Amino acid sequence: MVKAIDFLESFNSITVIIRLILAAVLGGCIGLEREKYKRPAGFRTHILVCIGAAMTSLISQYIAFKIGISADAARIPAQVISGLGFLGVGTILTKGRDHIVGLTTAAGIWAVGTIGIACGFGFYVGACACTIIVLIATSLLYKLENDKKERRKTVEIYIEIDDPRKVNDFIKRLENIFEAKNFMVVSSRSGKTDNIGIEAIFPINSVSEDENILDRLSELEDVIYAIESVPKKLS
């Protein structure tokens, strides 16, 4: 057992192949989970990122152990960590106000890069443990988080009032009564110069509550009308 561990931690042609295969397997496991939820970066992307990161670690060791050039073995892998930040940015999208998607995938790509580096240096336990934790965070915790979001959705509503001087007081009423947030004062959609529009995001728990909010808003003093501004989305 001890000899096997010593062999796996040594640097030779066989361990190079083992580390690259392990990087592909671990990166693929996380990639499959991302593919399941149809994220921008999927199976192949995560495998390539993990193998590429592992290869940078192997190159650093090859330079030090085989070529004999004295250099910092962590210098090349360190650049990979920085570079993966730019790759992750490409998976982040903004959908309307207060709704950004892709952050988890971007963070996952960065984490896969560190797993690949660990594989390349022969840190097998750390690489496997990190993969398991990442899968728990992206899969099991996602379900818990998604259940919470499903119970509390939001709707963006446009409200038009007949007196611009009452905007501040009206916004405070919306905060206190409806727990609204992300207010934006806009021009009147009706074209009447004496009116002013307010867009805000309201929390809802069901379609019926969505309709109820519109009715309640329309009944408020100073309100000309209230309509849903954009389709409902998760908060």
# chains A, B, ... in the order shown; residues from 1 in each chain; ligands from 1
call {"tool": "residues_around", "arguments": {"residues": "A:Tyr225", "least_positions_apart": "2", "cutoff": "10 Å", "atoms": "only C-alpha atoms", "output": "list in words"}}
result
Tyr158, Ile159, Glu160, Ile161, Asp162, Ser190, Gly197, Leu214, Asp215, Leu217, Ser218, Glu219, Leu220, Asp222, Val223 and Ile227 of chain A
call {"tool": "residues_around", "arguments": {"residues": "A:Gly116", "least_positions_apart": "4", "cutoff": "9 Å", "atoms": "only C-alpha atoms", "output": "NGL selection string"}}
result
:A and (19-20 or 22-24 or 26-27 or 49-57 or 111-112 or 120-121 or 127)
call {"tool": "write_last_selection", "arguments": {"atoms": "C-alpha atoms", "output": "compact mmCIF listing (two decimals), in the first residue's frame"}}
result
# COMPACT_ATOMS: atom_id res chain seq x y z
CA ARG A 19 -3.27 12.20 -13.40
CA LEU A 20 -4.59 13.33 -16.78
CA LEU A 22 -8.26 11.41 -13.24
CA ALA A 23 -8.59 15.08 -14.22
CA ALA A 24 -10.80 14.10 -17.16
CA LEU A 26 -13.40 14.47 -12.15
CA GLY A 27 -13.99 17.34 -14.57
CA VAL A 49 -10.65 22.92 -18.36
CA CYS A 50 -9.67 20.24 -15.85
CA ILE A 51 -7.23 18.49 -18.21
CA GLY A 52 -5.70 21.81 -19.26
CA ALA A 53 -5.19 22.88 -15.67
CA ALA A 54 -3.68 19.48 -14.79
CA MET A 55 -1.32 19.76 -17.77
CA THR A 56 0.04 23.09 -16.55
CA SER A 57 0.98 21.45 -13.24
CA ALA A 111 -13.19 25.24 -9.05
CA VAL A 112 -12.65 22.64 -11.80
CA GLY A 120 -1.47 17.44 -11.95
CA PHE A 121 0.53 17.73 -8.76
CA ALA A 127 -8.93 16.64 -5.95
call {"tool": "atom_distance", "arguments": {"atom1": "atom CA of A:Ile109", "atom2": "atom CA of A:Gly83"}}
result
10.8 Å
call {"tool": "residues_around", "arguments": {"residues": "A:Glu9", "least_positions_apart": "5", "cutoff": "12 Å", "atoms": "only C-alpha atoms", "output": "list of chain:residue names"}}
result
A:Val2, A:Lys3, A:Ala4, A:Ile14, A:Thr15, A:Val16, A:Ile18, A:Arg19, A:Gln61, A:Ala118, A:Cys119, A:Gly120, A:Phe121, A:Gly122, A:Phe123, A:Tyr124, A:Val125
call {"tool": "closest_residue", "arguments": {"among": "A:Ile30, A:Leu103, A:Ile133, A:Asn12", "to": "A:Leu58", "atoms": "only C-alpha atoms"}}
result
A:Asn12
call {"tool": "atom_distance", "arguments": {"atom1": "atom CA of A:Gly42", "atom2": "atom CA of A:Ile21"}}
result
18.1 Å
call {"tool": "residues_around", "arguments": {"residues": "stretch 177-180 of chain A", "least_positions_apart": "2", "cutoff": "7 Å", "atoms": "only C-alpha atoms", "output": "list in words"}}
result
Arg173, Leu174, Glu175, Ala200, Ile201, Phe202 and Pro203 of chain A
call {"tool": "atom_distance", "arguments": {"atom1": "atom CA of A:Phe11", "atom2": "atom CA of A:Gly28"}}
result
23.9 Å
call {"tool": "select_by_dssp", "arguments": {"residues": "stretch 101-196 of chain A", "states": "alpha helix (DSSP H)", "output": "ChimeraX atom specification"}}
result
/A:103-120,124-135,141-151,167-178
call {"tool": "residues_around", "arguments": {"residues": "A:Thr193", "least_positions_apart": "3", "cutoff": "10 Å", "atoms": "only C-alpha atoms", "output": "ChimeraX atom specification"}}
result
/A:162-164,187-190,196
call {"tool": "write_last_selection", "arguments": {"atoms": "all heavy atoms", "output": "CSV table (one decimal), in the first residue's frame"}}
result
chain,number,residue,atom,x,y,z
A,162,ASP,N,-51.2,60.0,-10.5
A,162,ASP,CA,-51.6,61.3,-11.1
A,162,ASP,C,-50.9,62.5,-10.5
A,162,ASP,O,-51.2,63.7,-11.0
A,162,ASP,CB,-53.1,61.5,-11.0
A,162,ASP,CG,-53.6,61.5,-9.5
A,162,ASP,OD1,-52.7,61.5,-8.6
A,162,ASP,OD2,-54.8,61.4,-9.3
A,163,ASP,N,-50.0,62.4,-9.6
A,163,ASP,CA,-49.3,63.5,-9.0
A,163,ASP,C,-47.8,63.2,-8.7
A,163,ASP,O,-47.5,62.5,-7.8
A,163,ASP,CB,-50.0,63.9,-7.7
A,163,ASP,CG,-49.6,65.3,-7.2
A,163,ASP,OD1,-48.5,65.8,-7.7
A,163,ASP,OD2,-50.2,65.8,-6.3
A,164,PRO,N,-46.9,63.8,-9.5
A,164,PRO,CA,-45.5,63.5,-9.4
A,164,PRO,C,-44.9,63.9,-8.0
A,164,PRO,O,-43.9,63.4,-7.5
A,164,PRO,CB,-44.8,64.4,-10.5
A,164,PRO,CG,-45.9,64.5,-11.5
A,164,PRO,CD,-47.2,64.6,-10.7
A,187,SER,N,-41.1,57.9,-17.2
A,187,SER,CA,-42.1,58.8,-17.8
A,187,SER,C,-43.4,58.1,-17.9
A,187,SER,O,-43.5,56.8,-18.0
A,187,SER,CB,-41.6,59.2,-19.2
A,187,SER,OG,-40.3,59.8,-19.2
A,188,SER,N,-44.5,58.9,-18.0
A,188,SER,CA,-45.8,58.3,-18.0
A,188,SER,C,-46.0,57.6,-19.4
A,188,SER,O,-45.7,58.1,-20.4
A,188,SER,CB,-46.8,59.5,-17.9
A,188,SER,OG,-48.1,59.1,-18.3
A,189,ARG,N,-46.5,56.4,-19.3
A,189,ARG,CA,-46.8,55.6,-20.5
A,189,ARG,C,-48.1,56.1,-21.2
A,189,ARG,O,-48.3,55.8,-22.4
A,189,ARG,CB,-46.9,54.1,-20.1
A,189,ARG,CG,-45.6,53.5,-19.7
A,189,ARG,CD,-45.8,52.0,-19.5
A,189,ARG,NE,-44.6,51.3,-19.0
A,189,ARG,CZ,-44.5,50.0,-18.8
A,189,ARG,NH1,-45.5,49.2,-19.0
A,189,ARG,NH2,-43.4,49.5,-18.3
A,190,SER,N,-49.0,56.7,-20.4
A,190,SER,CA,-50.2,57.2,-21.0
A,190,SER,C,-50.0,58.5,-21.9
A,190,SER,O,-50.8,58.9,-22.6
A,190,SER,CB,-51.2,57.5,-20.0
A,190,SER,OG,-50.8,58.6,-19.1
A,196,ILE,N,-47.0,60.4,-13.7
A,196,ILE,CA,-45.6,59.9,-13.5
A,196,ILE,C,-45.7,58.4,-13.3
A,196,ILE,O,-46.7,57.8,-12.7
A,196,ILE,CB,-44.9,60.5,-12.4
A,196,ILE,CG1,-43.4,60.2,-12.4
A,196,ILE,CG2,-45.5,60.1,-11.0
A,196,ILE,CD1,-42.7,60.9,-13.5
call {"tool": "select_by_dssp", "arguments": {"residues": "stretch 9-230 of chain A", "states": "strand (DSSP E)", "output": "PyMOL selection string"}}
result
chain A and resi 93-94+100-101+153-161+181-186+196-204+223-230
call {"tool": "write_last_selection", "arguments": {"atoms": "N, CA and C atoms", "output": "compact mmCIF listing (two decimals), in the first residue's frame"}}
result
# COMPACT_ATOMS: atom_id res chain seq x y z
N LEU A 93 -24.72 35.95 -17.54
CA LEU A 93 -25.69 36.72 -18.32
C LEU A 93 -26.57 37.54 -17.39
N THR A 94 -27.01 38.69 -17.87
CA THR A 94 -27.94 39.53 -17.11
C THR A 94 -29.30 39.48 -17.79
N ILE A 100 -29.35 37.91 -12.39
CA ILE A 100 -28.12 37.51 -13.06
C ILE A 100 -28.01 36.00 -12.99
N VAL A 101 -27.69 35.37 -14.11
CA VAL A 101 -27.53 33.92 -14.15
C VAL A 101 -26.13 33.57 -14.64
N LYS A 153 -41.66 33.94 -5.67
CA LYS A 153 -41.32 34.54 -6.93
C LYS A 153 -41.55 36.04 -6.87
N THR A 154 -41.20 36.72 -7.94
CA THR A 154 -41.41 38.16 -8.00
C THR A 154 -42.05 38.54 -9.32
N VAL A 155 -42.68 39.69 -9.34
CA VAL A 155 -43.27 40.22 -10.55
C VAL A 155 -42.93 41.71 -10.61
N GLU A 156 -42.60 42.18 -11.80
CA GLU A 156 -42.31 43.60 -11.99
C GLU A 156 -43.57 44.29 -12.50
N ILE A 157 -43.97 45.33 -11.81
CA ILE A 157 -45.22 46.03 -12.12
C ILE A 157 -44.97 47.51 -12.39
N TYR A 158 -45.69 47.99 -13.39
CA TYR A 158 -45.66 49.42 -13.71
C TYR A 158 -46.92 50.06 -13.12
N ILE A 159 -46.72 51.14 -12.39
CA ILE A 159 -47.83 51.86 -11.76
C ILE A 159 -47.78 53.31 -12.21
N GLU A 160 -48.92 53.84 -12.58
CA GLU A 160 -48.98 55.25 -12.98
C GLU A 160 -49.83 56.01 -11.97
N ILE A 161 -49.28 57.11 -11.45
CA ILE A 161 -50.01 57.93 -10.49
C ILE A 161 -50.22 59.32 -11.07
N LYS A 181 -39.54 46.46 -3.95
CA LYS A 181 -38.15 46.91 -3.96
C LYS A 181 -37.75 47.28 -5.39
N ASN A 182 -36.54 47.78 -5.53
CA ASN A 182 -35.98 48.14 -6.85
C ASN A 182 -36.88 49.12 -7.61
N PHE A 183 -37.14 50.24 -7.00
CA PHE A 183 -38.02 51.23 -7.61
C PHE A 183 -37.30 52.02 -8.71
N MET A 184 -38.05 52.36 -9.74
CA MET A 184 -37.53 53.18 -10.82
C MET A 184 -38.64 54.13 -11.29
N VAL A 185 -38.38 55.43 -11.21
CA VAL A 185 -39.35 56.43 -11.65
C VAL A 185 -39.13 56.67 -13.14
N VAL A 186 -40.20 56.53 -13.93
CA VAL A 186 -40.11 56.63 -15.39
C VAL A 186 -41.18 57.59 -15.91
N ILE A 196 -47.02 60.39 -13.65
CA ILE A 196 -45.65 59.87 -13.53
C ILE A 196 -45.74 58.36 -13.33
N GLY A 197 -44.77 57.63 -13.89
CA GLY A 197 -44.77 56.17 -13.78
C GLY A 197 -43.75 55.67 -12.77
N ILE A 198 -44.06 54.57 -12.13
CA ILE A 198 -43.16 53.93 -11.17
C ILE A 198 -43.09 52.44 -11.49
N GLU A 199 -41.89 51.91 -11.67
CA GLU A 199 -41.69 50.49 -11.85
C GLU A 199 -41.07 49.92 -10.58
N ALA A 200 -41.55 48.76 -10.15
CA ALA A 200 -41.03 48.15 -8.93
C ALA A 200 -41.22 46.64 -9.00
N ILE A 201 -40.48 45.93 -8.17
CA ILE A 201 -40.56 44.47 -8.11
C ILE A 201 -41.30 44.08 -6.83
N PHE A 202 -42.32 43.23 -7.00
CA PHE A 202 -43.16 42.81 -5.88
C PHE A 202 -43.01 41.30 -5.65
N PRO A 203 -42.88 40.86 -4.41
CA PRO A 203 -42.84 39.42 -4.12
C PRO A 203 -44.22 38.81 -4.21
N ILE A 204 -44.32 37.61 -4.80
CA ILE A 204 -45.59 36.90 -4.88
C ILE A 204 -45.35 35.43 -4.60
N VAL A 223 -53.62 56.24 -7.82
CA VAL A 223 -53.20 55.31 -8.88
C VAL A 223 -54.16 55.40 -10.07
N ILE A 224 -53.60 55.65 -11.24
CA ILE A 224 -54.41 55.67 -12.47
C ILE A 224 -54.64 54.24 -12.95
N TYR A 225 -53.55 53.46 -13.05
CA TYR A 225 -53.66 52.04 -13.38
C TYR A 225 -52.35 51.33 -13.03
N ALA A 226 -52.41 50.02 -12.95
CA ALA A 226 -51.23 49.19 -12.65
C ALA A 226 -51.26 47.97 -13.55
N ILE A 227 -50.12 47.67 -14.20
CA ILE A 227 -50.02 46.51 -15.07
C ILE A 227 -48.70 45.79 -14.84
N GLU A 228 -48.69 44.51 -15.19
CA GLU A 228 -47.44 43.75 -15.10
C GLU A 228 -46.49 44.24 -16.18
N SER A 229 -45.26 44.59 -15.75
CA SER A 229 -44.33 45.21 -16.70
C SER A 229 -43.57 44.19 -17.51
N VAL A 230 -43.11 43.11 -16.87
CA VAL A 230 -42.37 42.04 -17.56
C VAL A 230 -42.85 40.71 -17.04
call {"tool": "closest_residue", "arguments": {"among": "A:Gly31, A:Leu140, A:Ile76, A:Thr114", "to": "A:Cys128", "atoms": "only C-alpha atoms"}}
result
A:Thr114
